[in-house]
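Pasting entry20.txt here (compact mmCIF, C-alpha atoms and all ligand atoms):
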```txt
# COMPACT_ATOMS: atom_id res chain seq x y z
CA MET A 1 -101.20 206.24 -136.93
CA LEU A 2 -99.68 206.11 -140.40
CA THR A 3 -99.17 208.68 -143.12
CA HIS A 4 -101.32 208.25 -146.20
CA GLU A 5 -98.27 207.11 -148.15
CA GLN A 6 -97.35 204.48 -145.55
CA ASN A 7 -100.92 203.19 -145.58
CA GLU A 8 -100.80 202.92 -149.37
CA ASN A 9 -97.46 201.10 -149.23
CA LEU A 10 -98.78 198.56 -146.70
CA THR A 11 -102.06 197.82 -148.49
CA ARG A 12 -101.76 198.10 -152.30
CA VAL A 13 -100.88 194.77 -153.89
CA GLY A 14 -100.86 195.29 -157.67
CA PRO A 15 -97.81 194.70 -159.87
CA GLY A 16 -95.33 197.55 -159.51
CA THR A 17 -96.49 198.70 -156.06
CA PRO A 18 -93.91 198.31 -153.27
CA LEU A 19 -95.95 195.68 -151.42
CA GLY A 20 -97.00 194.03 -154.68
CA ARG A 21 -93.33 193.53 -155.54
CA PHE A 22 -92.65 192.18 -152.04
CA LEU A 23 -95.54 189.67 -152.19
CA ARG A 24 -94.33 188.43 -155.57
CA HIS A 25 -91.25 186.91 -153.92
CA TYR A 26 -93.27 184.06 -152.36
CA TRP A 27 -95.25 180.93 -153.13
CA ILE A 28 -98.90 181.74 -152.35
CA PRO A 29 -102.28 179.95 -152.66
CA ALA A 30 -104.14 180.59 -155.93
CA ALA A 31 -107.20 178.32 -155.58
CA ASN A 32 -108.42 175.22 -153.83
CA LEU A 33 -107.74 171.99 -155.72
CA GLU A 34 -111.43 171.09 -155.43
CA GLU A 35 -112.16 174.02 -157.78
CA ILE A 36 -110.25 172.38 -160.62
CA ALA A 37 -110.68 168.75 -159.59
CA MET A 38 -112.13 167.50 -162.87
CA PRO A 39 -109.76 167.10 -165.83
CA GLY A 40 -111.26 169.05 -168.73
CA GLY A 41 -113.67 170.86 -166.37
CA ALA A 42 -114.59 174.55 -166.47
CA PRO A 43 -111.71 177.02 -166.04
CA VAL A 44 -112.00 178.98 -162.79
CA ARG A 45 -111.54 182.73 -162.46
CA VAL A 46 -108.76 183.57 -159.98
CA GLY A 47 -108.25 187.09 -158.68
CA LEU A 48 -104.79 187.35 -157.14
CA LEU A 49 -102.70 190.36 -156.11
CA GLY A 50 -104.80 192.59 -158.35
CA GLU A 51 -104.35 190.37 -161.43
CA LYS A 52 -107.13 188.49 -163.19
CA LEU A 53 -106.23 184.90 -164.00
CA VAL A 54 -107.86 181.55 -164.84
CA ALA A 55 -106.90 178.20 -163.35
CA PHE A 56 -107.69 174.99 -165.20
CA ARG A 57 -106.89 171.30 -165.38
CA ASP A 58 -106.74 170.09 -168.97
CA PRO A 59 -108.25 166.70 -169.91
CA SER A 60 -104.86 165.03 -169.45
CA GLY A 61 -104.64 166.35 -165.85
CA LYS A 62 -102.12 169.12 -166.47
CA VAL A 63 -102.80 172.29 -164.46
CA GLY A 64 -102.36 175.85 -165.71
CA LEU A 65 -102.72 179.34 -164.24
CA ILE A 66 -102.74 181.97 -166.99
CA GLY A 67 -104.02 185.50 -167.63
CA GLU A 68 -107.81 185.59 -167.91
CA PHE A 69 -108.02 187.60 -171.13
CA CYS A 70 -107.16 186.17 -174.52
CA PRO A 71 -104.13 187.88 -176.08
CA HIS A 72 -106.04 188.23 -179.36
CA ARG A 73 -108.93 190.58 -178.54
CA ARG A 74 -109.31 190.02 -174.81
CA ALA A 75 -112.26 187.64 -174.50
CA SER A 76 -112.32 185.96 -171.11
CA LEU A 77 -110.78 182.51 -171.08
CA ALA A 78 -113.12 181.52 -168.25
CA TYR A 79 -115.52 180.71 -171.13
CA ALA A 80 -112.91 178.79 -173.10
CA ARG A 81 -113.06 175.19 -174.23
CA ASN A 82 -110.72 173.08 -172.11
CA GLU A 83 -108.71 170.83 -174.42
CA VAL A 84 -105.65 168.62 -174.08
CA GLY A 85 -102.72 171.03 -174.11
CA GLY A 86 -104.61 174.20 -173.20
CA LEU A 87 -107.62 176.49 -173.39
CA ARG A 88 -109.27 177.30 -176.71
CA CYS A 89 -110.82 180.78 -176.74
CA LEU A 90 -114.48 180.82 -177.78
CA TYR A 91 -114.22 183.93 -179.90
CA HIS A 92 -111.83 182.91 -182.72
CA GLY A 93 -110.46 179.57 -181.54
CA TRP A 94 -106.95 180.60 -180.46
CA LYS A 95 -105.37 177.99 -178.21
CA LEU A 96 -103.29 178.94 -175.13
CA SER A 97 -101.05 176.43 -173.36
CA PRO A 98 -100.64 176.15 -169.55
CA GLU A 99 -97.23 177.78 -170.05
CA GLY A 100 -98.88 180.78 -171.73
CA ARG A 101 -97.79 179.97 -175.30
CA VAL A 102 -100.16 180.73 -178.18
CA GLU A 103 -100.30 177.29 -179.82
CA GLU A 104 -102.84 177.90 -182.58
CA THR A 105 -104.41 180.91 -184.33
CA PRO A 106 -106.84 179.15 -186.72
CA PRO A 107 -108.27 182.19 -188.56
CA GLU A 108 -104.78 183.32 -189.58
CA PRO A 109 -103.39 182.32 -192.99
CA PRO A 110 -101.06 179.30 -193.21
CA GLY A 111 -97.52 180.30 -192.36
CA SER A 112 -98.61 183.24 -190.17
CA LYS A 113 -95.92 184.23 -187.70
CA LEU A 114 -98.37 186.06 -185.42
CA LYS A 115 -98.38 183.48 -182.68
CA ALA A 116 -94.60 183.19 -182.52
CA ASN A 117 -94.25 186.61 -180.94
CA LEU A 118 -97.09 186.34 -178.44
CA LYS A 119 -97.36 185.04 -174.92
CA CYS A 120 -99.94 185.42 -172.23
CA HIS A 121 -99.16 185.65 -168.52
CA ALA A 122 -98.61 182.18 -167.07
CA TYR A 123 -97.40 181.33 -163.59
CA PRO A 124 -95.82 178.15 -162.24
CA VAL A 125 -98.10 175.99 -160.10
CA ARG A 126 -97.75 173.37 -157.41
CA GLU A 127 -100.46 171.12 -155.90
CA ALA A 128 -100.16 170.47 -152.15
CA GLY A 129 -102.37 170.24 -149.06
CA GLY A 130 -105.61 170.63 -151.06
CA ILE A 131 -104.38 173.96 -152.47
CA LEU A 132 -103.08 175.11 -155.85
CA TRP A 133 -100.02 177.25 -155.13
CA THR A 134 -98.31 179.69 -157.42
CA TYR A 135 -95.31 181.97 -157.63
CA MET A 136 -95.93 185.26 -159.46
CA GLY A 137 -92.47 186.80 -159.29
CA ASP A 138 -89.28 186.94 -161.34
CA PRO A 139 -88.65 183.39 -162.67
CA ALA A 140 -84.96 183.82 -161.93
CA LYS A 141 -85.73 184.34 -158.23
CA GLN A 142 -88.23 181.52 -157.65
CA PRO A 143 -87.67 180.33 -154.06
CA PRO A 144 -87.90 176.73 -152.82
CA PHE A 145 -91.46 175.64 -152.09
CA PRO A 146 -92.18 176.21 -148.35
CA LYS A 147 -92.40 172.84 -146.64
CA PHE A 148 -95.25 173.55 -144.23
CA PRO A 149 -95.52 170.27 -142.27
CA TRP A 150 -99.34 170.17 -142.49
CA LEU A 151 -99.21 169.87 -146.29
CA ASP A 152 -98.62 166.13 -146.02
CA LEU A 153 -101.28 165.26 -143.42
CA PRO A 154 -104.05 162.79 -144.36
CA PRO A 155 -107.43 164.41 -145.17
CA ALA A 156 -109.02 163.48 -141.80
CA GLN A 157 -106.36 165.55 -140.02
CA LEU A 158 -106.53 168.58 -142.30
CA LEU A 159 -109.40 171.02 -142.88
CA PRO A 160 -108.57 173.87 -145.28
CA VAL A 161 -111.32 176.52 -145.14
CA LYS A 162 -111.33 179.37 -147.66
CA MET A 163 -113.59 182.36 -147.02
CA TYR A 164 -114.13 185.58 -148.98
CA GLN A 165 -113.64 188.85 -147.12
CA ASP A 166 -114.87 192.15 -148.46
CA CYS A 167 -111.96 194.44 -147.54
CA ASN A 168 -108.21 194.87 -147.92
CA PHE A 169 -106.24 191.91 -146.57
CA LEU A 170 -104.33 193.98 -143.99
CA GLN A 171 -107.47 194.61 -141.93
CA GLY A 172 -107.78 190.85 -141.49
CA LEU A 173 -104.10 190.24 -140.91
CA GLU A 174 -103.96 192.93 -138.23
CA GLY A 175 -106.71 191.10 -136.34
CA ASP A 176 -104.39 188.14 -135.93
CA LEU A 177 -101.68 190.54 -134.74
CA ASP A 178 -103.92 191.75 -131.94
CA PRO A 179 -103.77 189.49 -128.85
CA ALA A 180 -106.12 191.67 -126.76
CA HIS A 181 -109.23 191.61 -128.95
CA PRO A 182 -110.46 188.04 -128.18
CA ASN A 183 -111.31 189.13 -124.62
CA TYR A 184 -113.92 191.45 -126.12
CA LEU A 185 -114.94 190.49 -129.64
CA HIS A 186 -114.85 186.72 -129.05
CA ARG A 187 -116.24 186.57 -125.52
CA ASP A 188 -119.00 184.04 -124.89
CA PHE A 189 -121.26 184.70 -121.92
CA ASP A 190 -122.82 181.26 -121.97
CA VAL A 191 -119.68 179.22 -121.36
CA ASP A 192 -121.59 175.94 -121.12
CA ALA A 193 -123.00 176.22 -124.60
CA GLY A 194 -121.72 173.58 -127.02
CA LYS A 195 -120.41 176.32 -129.27
CA SER A 196 -118.26 177.98 -126.61
CA TRP A 197 -114.50 177.75 -126.99
CA GLY A 198 -114.15 175.10 -124.30
CA GLY A 199 -116.96 173.09 -125.87
CA ALA A 200 -115.10 173.00 -129.16
CA GLY A 201 -111.90 171.79 -127.54
CA TRP A 202 -110.00 175.06 -127.53
CA GLU A 203 -109.52 175.49 -123.80
CA SER A 204 -106.68 177.90 -124.53
CA ILE A 205 -109.12 180.59 -125.70
CA ALA A 206 -111.45 180.03 -122.76
CA ARG A 207 -108.43 180.48 -120.44
CA LEU A 208 -107.26 183.78 -121.91
CA MET A 209 -110.56 185.42 -120.98
CA SER A 210 -109.21 185.89 -117.45
CA ASP A 211 -107.04 188.93 -118.38
CA GLY A 212 -108.17 191.47 -120.98
CA ALA A 213 -105.02 193.59 -120.88
CA PRO A 214 -102.12 191.27 -121.75
CA GLU A 215 -98.56 192.49 -122.00
CA ILE A 216 -97.52 192.22 -125.67
CA LEU A 217 -93.99 191.36 -126.78
CA CYS A 218 -92.60 191.04 -130.29
CA GLU A 219 -89.38 189.95 -131.94
CA GLU A 220 -88.15 189.64 -135.49
CA THR A 221 -87.42 186.12 -136.79
CA PRO A 222 -85.86 184.79 -140.03
CA TYR A 223 -89.44 184.06 -141.20
CA LEU A 224 -90.84 187.47 -140.18
CA MET A 225 -91.83 187.85 -136.52
CA ARG A 226 -93.08 186.27 -133.30
CA VAL A 227 -95.62 187.74 -130.89
CA GLY A 228 -96.10 186.91 -127.24
CA ALA A 229 -99.11 187.85 -125.09
CA VAL A 230 -98.45 187.51 -121.38
CA ARG A 231 -101.43 187.38 -119.03
CA LYS A 232 -101.43 187.46 -115.27
CA THR A 233 -102.98 184.59 -113.33
CA ASN A 234 -104.09 184.26 -109.69
CA ASP A 235 -100.60 183.02 -108.94
CA PRO A 236 -98.02 185.86 -109.16
CA LYS A 237 -95.33 183.27 -109.96
CA LYS A 238 -97.18 182.01 -113.04
CA ASN A 239 -98.20 183.73 -116.27
CA TYR A 240 -100.46 182.54 -119.06
CA VAL A 241 -98.45 183.05 -122.25
CA ARG A 242 -99.63 182.78 -125.84
CA THR A 243 -97.30 182.91 -128.86
CA THR A 244 -98.01 183.53 -132.53
CA GLU A 245 -95.56 182.78 -135.34
CA TRP A 246 -95.55 184.98 -138.47
CA ILE A 247 -94.19 183.86 -141.80
CA ALA A 248 -93.74 186.25 -144.73
CA PRO A 249 -95.61 187.36 -146.65
CA PHE A 250 -99.01 186.89 -144.89
CA TYR A 251 -99.05 183.59 -143.03
CA CYS A 252 -99.35 182.88 -139.33
CA TYR A 253 -99.82 180.12 -136.80
CA ILE A 254 -102.36 181.08 -134.15
CA ALA A 255 -101.54 180.31 -130.49
CA THR A 256 -102.86 176.89 -129.46
CA GLY A 257 -102.52 174.95 -126.22
CA PRO A 258 -101.55 171.41 -125.22
CA HIS A 259 -103.01 168.68 -127.47
CA GLU A 260 -105.27 171.17 -129.25
CA SER A 261 -105.79 171.17 -132.99
CA GLN A 262 -103.56 173.78 -134.64
CA LEU A 263 -104.37 176.64 -136.98
CA PHE A 264 -102.40 178.09 -139.88
CA LYS A 265 -103.86 181.19 -141.49
CA ALA A 266 -103.24 183.04 -144.74
CA TRP A 267 -104.53 186.47 -145.75
CA LEU A 268 -104.58 186.30 -149.50
CA PRO A 269 -105.22 189.55 -151.39
CA ILE A 270 -107.56 189.15 -154.36
CA ASP A 271 -107.01 192.84 -155.12
CA ASP A 272 -106.70 196.03 -153.04
CA VAL A 273 -110.23 195.80 -151.65
CA SER A 274 -110.97 192.09 -151.16
CA CYS A 275 -109.21 188.97 -149.95
CA TYR A 276 -109.60 185.34 -149.03
CA THR A 277 -108.79 184.11 -145.55
CA TYR A 278 -107.50 180.59 -145.38
CA TYR A 279 -108.07 178.79 -142.09
CA ILE A 280 -106.00 175.62 -142.27
CA HIS A 281 -107.09 173.58 -139.25
CA PHE A 282 -104.87 170.57 -138.64
CA ASN A 283 -103.91 168.02 -136.07
CA PRO A 284 -100.59 166.23 -136.53
CA SER A 285 -101.60 163.21 -134.45
CA ARG A 286 -105.34 162.48 -134.81
CA PRO A 287 -108.50 163.31 -136.77
CA LEU A 288 -110.12 166.73 -136.43
CA ASP A 289 -113.55 167.32 -134.95
CA VAL A 290 -114.88 168.94 -138.12
CA PRO A 291 -118.44 169.82 -136.93
CA ALA A 292 -117.07 171.47 -133.75
CA THR A 293 -114.51 173.41 -135.77
CA TYR A 294 -117.15 174.81 -138.12
CA ALA A 295 -119.53 175.55 -135.23
CA ASN A 296 -116.88 177.37 -133.26
CA TRP A 297 -115.57 179.53 -136.09
CA GLY A 298 -118.78 179.89 -138.09
CA HIS A 299 -116.84 179.81 -141.37
CA ARG A 300 -118.67 177.11 -143.28
CA THR A 301 -119.25 178.73 -146.67
CA GLU A 302 -122.12 178.12 -149.06
CA ASN A 303 -121.45 175.40 -151.59
CA GLY A 304 -118.69 176.35 -153.98
CA THR A 305 -118.97 180.10 -153.32
CA TYR A 306 -116.42 180.51 -150.50
CA ARG A 307 -118.82 183.08 -149.08
CA THR A 308 -121.20 183.13 -146.16
CA ALA A 309 -124.50 185.01 -145.94
CA HIS A 310 -122.95 187.72 -143.72
CA SER A 311 -122.18 191.23 -144.97
CA VAL A 312 -121.92 194.84 -143.82
CA GLU A 313 -125.34 195.42 -145.41
CA ASN A 314 -127.03 192.83 -143.17
CA MET A 315 -124.85 193.73 -140.15
CA HIS A 316 -123.31 190.25 -140.26
CA LEU A 317 -126.66 188.97 -138.92
CA GLN A 318 -125.97 190.56 -135.54
CA ASP A 319 -128.60 189.67 -132.95
CA ARG A 320 -129.01 192.37 -130.26
CA GLN A 321 -131.02 189.99 -128.08
CA ARG A 322 -128.09 187.59 -128.10
CA MET A 323 -125.78 190.37 -126.88
CA ILE A 324 -127.59 190.32 -123.54
CA SER A 325 -126.96 186.71 -122.60
CA GLY A 326 -125.19 184.92 -125.47
CA ASN A 327 -121.99 186.68 -126.38
CA PHE A 328 -120.31 190.08 -126.48
CA SER A 329 -120.82 190.65 -130.23
CA GLY A 330 -124.26 189.18 -130.91
CA ILE A 331 -122.62 187.57 -133.96
CA GLU A 332 -122.27 183.84 -134.46
CA GLY A 333 -118.81 182.32 -134.88
CA ALA A 334 -115.35 183.80 -134.25
CA ALA A 335 -114.46 184.02 -137.93
CA ILE A 336 -117.60 186.06 -138.64
CA GLN A 337 -117.02 188.24 -135.58
CA ASP A 338 -113.56 189.04 -136.98
CA ARG A 339 -114.96 189.74 -140.44
CA ALA A 340 -117.67 192.01 -139.03
CA VAL A 341 -115.25 194.43 -137.40
CA GLN A 342 -112.69 194.21 -140.21
CA GLU A 343 -115.21 194.73 -143.03
CA SER A 344 -116.91 197.50 -141.01
CA MET A 345 -113.76 199.66 -141.44
CA GLY A 346 -114.43 200.06 -145.18
CA ALA A 347 -112.59 198.78 -148.24
CA ILE A 348 -109.19 200.10 -147.14
CA CYS A 349 -108.99 201.28 -143.54
CA ASP A 350 -107.90 204.92 -143.25
CA ARG A 351 -105.02 204.42 -140.84
CA THR A 352 -104.25 208.16 -140.80
CA GLN A 353 -107.25 208.47 -138.47
CA GLU A 354 -106.32 205.82 -135.89
CA HIS A 355 -105.26 206.35 -132.28
CA LEU A 356 -103.12 203.41 -131.30
CA GLY A 357 -102.44 202.32 -127.72
CA THR A 358 -100.29 199.88 -125.79
CA SER A 359 -102.47 196.94 -126.83
CA ASP A 360 -101.59 197.66 -130.49
CA LYS A 361 -97.90 196.97 -129.97
CA ALA A 362 -97.75 193.99 -132.34
CA VAL A 363 -99.64 195.87 -135.07
CA ILE A 364 -97.15 198.74 -134.78
CA PHE A 365 -94.19 196.33 -134.77
CA TYR A 366 -95.48 194.59 -137.93
CA ARG A 367 -96.07 197.85 -139.83
CA ARG A 368 -92.59 199.17 -139.02
CA LEU A 369 -91.04 195.82 -139.90
CA ILE A 370 -92.77 195.57 -143.28
CA LEU A 371 -91.98 199.19 -144.18
CA ARG A 372 -88.34 198.49 -143.33
CA LYS A 373 -88.40 195.26 -145.38
CA LEU A 374 -89.82 197.15 -148.37
CA ALA A 375 -86.99 199.67 -148.13
CA GLU A 376 -84.43 196.86 -147.81
CA MET A 377 -85.95 195.11 -150.83
CA ASP A 378 -85.48 198.30 -152.84
CA ALA A 379 -81.87 198.38 -151.65
CA GLY A 380 -81.35 194.89 -153.12
CA LYS A 381 -81.70 192.78 -149.97
CA SER A 382 -83.64 189.51 -150.09
CA PRO A 383 -87.00 189.62 -148.23
CA PRO A 384 -87.47 187.45 -145.10
CA GLY A 385 -88.42 183.76 -145.11
CA LEU A 386 -86.64 182.94 -148.38
CA ASP A 387 -83.42 181.39 -147.07
CA PRO A 388 -83.33 177.83 -148.49
CA ALA A 389 -81.97 176.62 -145.13
CA LEU A 390 -85.26 177.39 -143.35
CA ASP A 391 -87.23 174.28 -142.37
CA PHE A 392 -90.69 175.86 -141.86
CA LYS A 393 -91.30 173.86 -138.70
CA HIS A 394 -93.26 176.01 -136.27
CA ARG A 395 -95.21 175.37 -133.14
CA THR A 396 -97.04 177.98 -131.10
CA ALA A 397 -97.98 177.77 -127.43
CA SER A 398 -100.75 178.83 -125.11
CA TRP A 399 -99.80 177.68 -121.65
CA TYR A 400 -98.51 178.59 -118.22
CA SER A 401 -94.97 179.71 -117.70
CA PRO A 402 -93.02 180.83 -114.60
CA SER A 403 -93.23 184.63 -114.50
CA ASP A 404 -89.45 184.99 -114.10
CA GLU A 405 -88.67 183.06 -117.33
CA PRO A 406 -88.48 184.45 -120.88
CA TRP A 407 -91.87 184.36 -122.62
CA GLN A 408 -90.47 182.34 -125.53
CA ASP A 409 -89.80 179.42 -123.14
CA VAL A 410 -93.51 178.74 -122.76
CA LEU A 411 -93.40 176.22 -125.60
CA ARG A 412 -90.94 174.10 -123.63
CA HIS A 413 -93.35 174.06 -120.68
CA GLN A 414 -96.29 173.19 -122.90
CA GLU A 415 -94.42 170.35 -124.57
CA ARG A 416 -93.35 168.97 -121.21
CA TYR A 417 -96.95 169.06 -120.03
CA GLU A 418 -97.98 167.16 -123.20
CA ARG A 419 -95.33 164.50 -122.59
CA GLU A 420 -96.34 164.06 -118.97
CA ASN A 421 -100.05 164.05 -119.77
CA PRO A 422 -100.46 162.07 -122.97
CA LEU A 423 -103.93 161.74 -124.43
CA PRO A 424 -105.57 158.29 -124.23
CA ALA A 425 -104.95 156.38 -127.46
CA SER A 426 -108.64 156.60 -128.47
CA ALA A 427 -108.96 160.39 -127.88
S1 LIG A 501 -110.44 186.96 -178.61
FE1 LIG A 501 -109.70 185.00 -178.22
S2 LIG A 501 -109.45 184.11 -180.14
FE2 LIG A 501 -110.11 186.11 -180.56
FE FE A 502 -110.30 187.39 -133.78
```
Before we go any further, please render this structure as structure tokens.
Ligand code: FES
Ligand SMILES: [Fe+2]
Amino acid sequence: MLTHEQNENLTRVGPGTPLGRFLRHYWIPAANLEEIAMPGGAPVRVGLLGEKLVAFRDPSGKVGLIGEFCPHRRASLAYARNEVGGLRCLYHGWKLSPEGRVEETPPEPPGSKLKANLKCHAYPVREAGGILWTYMGDPAKQPPFPKFPWLDLPPAQLLPVKMYQDCNFLQGLEGDLDPAHPNYLHRDFDVDAGKSWGGAGWESIARLMSDGAPEILCEETPYLMRVGAVRKTNDPKKNYVRTTEWIAPFYCYIATGPHESQLFKAWLPIDDVSCYTYYIHFNPSRPLDVPATYANWGHRTENGTYRTAHSVENMHLQDRQRMISGNFSGIEGAAIQDRAVQESMGAICDRTQEHLGTSDKAVIFYRRLILRKLAEMDAGKSPPGLDPALDFKHRTASWYSPSDEPWQDVLRHQERYERENPLPASA
């Protein structure tokens, strides 16, 4: 349970809020590159950390991310003409450069100095891994771009999925901090169905169903934190251990087992009451099974909208008949199952009313850690994950480990298993 003030500090993302200032220390996704693929195409509205922006690619290919509202009299630049060198506002023809300069003010008299003193918000951008990235913080403190290894994979090995979620980002993020919930929310009864976890090649999730009360362990890392979930097996000498790696400010690698495709996630606040989840599915060594991935997670969005048909109003299309023999939730797809419970809490979950238990250990650890990091930031200390020496190479595990060994050693056992049991070349 949190105080109201702690809940506010962990959820509000606008400029000037404690968390908003923390988040503005990092490179974060702003849009998918497919949204601004065409040079000279329509500018795209981008809601990010409570700010309203537009992203665009000018006819020469240059990309900009600037404040949505024209500095003259605030018309939206989403309507603007997209010209070489910037956006031209429809209302009176002012031209704004990708750097946020006012280049032209045509209705003003010759020699007018008006534009010289004006600037609109503009943020630096970077194109990588199918995503337009930005940094919204103090220019003097811009960190190195995080070298996530999946950014350079060929398209067949990388599937970035972006999905709108109608609630504060922390409700989503805390789902990924919760190793016990898959045993309930994501349980399939019909394990032979093609859409079951095993059917989609994620045996690691099918395996965890054997123990619904894992021991949860957490530790701080230079990136943020690591979580371990230790499950008993039939053999008292062997545990089933899953690890999750957390990278500030809102990134994580989900636990995945030997030879499985991997999953990087981002919980990107649009504002205080909505967010985008990024599911970055990737496989460093071979092509992804895209249809199985979509079927398993249920997160294929409707063309260009980054939304699915599910909502609180339509109960996320829950099917009570299906709850008898299909799955625990009656909802199709793990990503939609997550969204259903997270959106059901309301726009910003009232954490003053919670009653947390042992299974919430990682959620509690994260909240305390972030509140401490916010206080340290105010005391002048650099937030986590910004040391230029960090290499951003992470690998999670979901495998068996001797019960008398440290939980973090499970990755070593998983990697040994992979070496000793290589996949056939054609797999
Ligand atoms: S409002 Fe944009 S040019 Fe006047
Ligand atoms: Fe989940």
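Here atom CA of A:Gln262 stands at a distance of 20.0 Å from atom CA of A:Ile28.
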Point to revise | All residues 9 Å or closer to A:Arg12, all atoms listed in the file, same chain fewer than 2 positions away omitted, as an MDAnalysis selection string | key: chainID A and resid 7:10 14 17:20 49:50 168 271:273
Check your understanding: Suppose you want the space between atom CA of A:Asn296 and atom CA of A:Glu415; what is it in Å?
Key -> 25.1 Å
Check your understanding: With all atoms listed in the file as the atoms that count, which of A:Ser401, A:Ile36, A:Asp178, A:Thr256 lies nearest to A:Gly357?
Key ->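 Going through A:Ser401, A:Ile36, A:Asp178, A:Thr256 one by one, the smallest distance to A:Gly357 is for A:Asp178.
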Please provide as a PDB file with C-alpha atoms, keeping the file's coordinate frame all residues within 12 Å of A:Asp378, with the sequence filter that same-chain residues fewer than 3 positions apart are discarded (counting all atoms listed in the file).
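File written: result_36.pdb
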```pdb
ATOM      1  CA  GLY A  16     -95.330 197.550-159.510  1.00  0.00           C
ATOM      2  CA  THR A  17     -96.490 198.700-156.060  1.00  0.00           C
ATOM      3  CA  PRO A  18     -93.910 198.310-153.270  1.00  0.00           C
ATOM      4  CA  LEU A  19     -95.950 195.680-151.420  1.00  0.00           C
ATOM      5  CA  ARG A  21     -93.330 193.530-155.540  1.00  0.00           C
ATOM      6  CA  PHE A  22     -92.650 192.180-152.040  1.00  0.00           C
ATOM      7  CA  LEU A 371     -91.980 199.190-144.180  1.00  0.00           C
ATOM      8  CA  ARG A 372     -88.340 198.490-143.330  1.00  0.00           C
ATOM      9  CA  LYS A 373     -88.400 195.260-145.380  1.00  0.00           C
ATOM     10  CA  LEU A 374     -89.820 197.150-148.370  1.00  0.00           C
ATOM     11  CA  ALA A 375     -86.990 199.670-148.130  1.00  0.00           C
ATOM     12  CA  LYS A 381     -81.700 192.780-149.970  1.00  0.00           C
ATOM     13  CA  SER A 382     -83.640 189.510-150.090  1.00  0.00           C
ATOM     14  CA  PRO A 383     -87.000 189.620-148.230  1.00  0.00           C
TER      15      PRO A 383
END
```
Exercise for review: Between atom CA of A:Lys119 and atom CA of A:Glu34, measure the distance and give it in Å to one decimal.
Suggested key: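 The value is 27.8 Å.
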Exercise for review: All residues within 6 Å of ligand FE 502 (chain A) are required, counting all atoms listed in the file; please report them as a list in words.
Suggested key: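 I would give the residues around ligand FE 502 (chain A) as Gly175, Pro182 and Asp338 of chain A.
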Those same residues - C-alpha atoms - I'd like them written as a PDB file, in the coordinates of the input.
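The resulting file, out_0.pdb, is reproduced below:
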```pdb
ATOM      1  CA  GLY A 175    -106.710 191.100-136.340  1.00  0.00           C
ATOM      2  CA  PRO A 182    -110.460 188.040-128.180  1.00  0.00           C
ATOM      3  CA  ASP A 338    -113.560 189.040-136.980  1.00  0.00           C
TER       4      ASP A 338
END
```
Point to revise | Non-local contacts of A:Ser398 (10 Å; all atoms listed in the file; under 5 positions in same chain excluded) as a list in words | key: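 Near A:Ser398, the qualifying residues are Glu203, Ser204, Ile205, Arg207, Leu208, Gly228, Ala229, Val230, Tyr240, Val241, Arg242, Thr243, Thr244, Ile254, Ala255, Thr256, Gly257, Pro258, Glu260, Val410, Leu411, His413 and Gln414 of chain A.
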Point to revise | Nearby residues, ligand LIG 501 (chain A), 12 Å, only C-alpha atoms and all ligand atoms, as a PyMOL selection string | key: chain A and resi 68-81+87-96+102-108+115+120
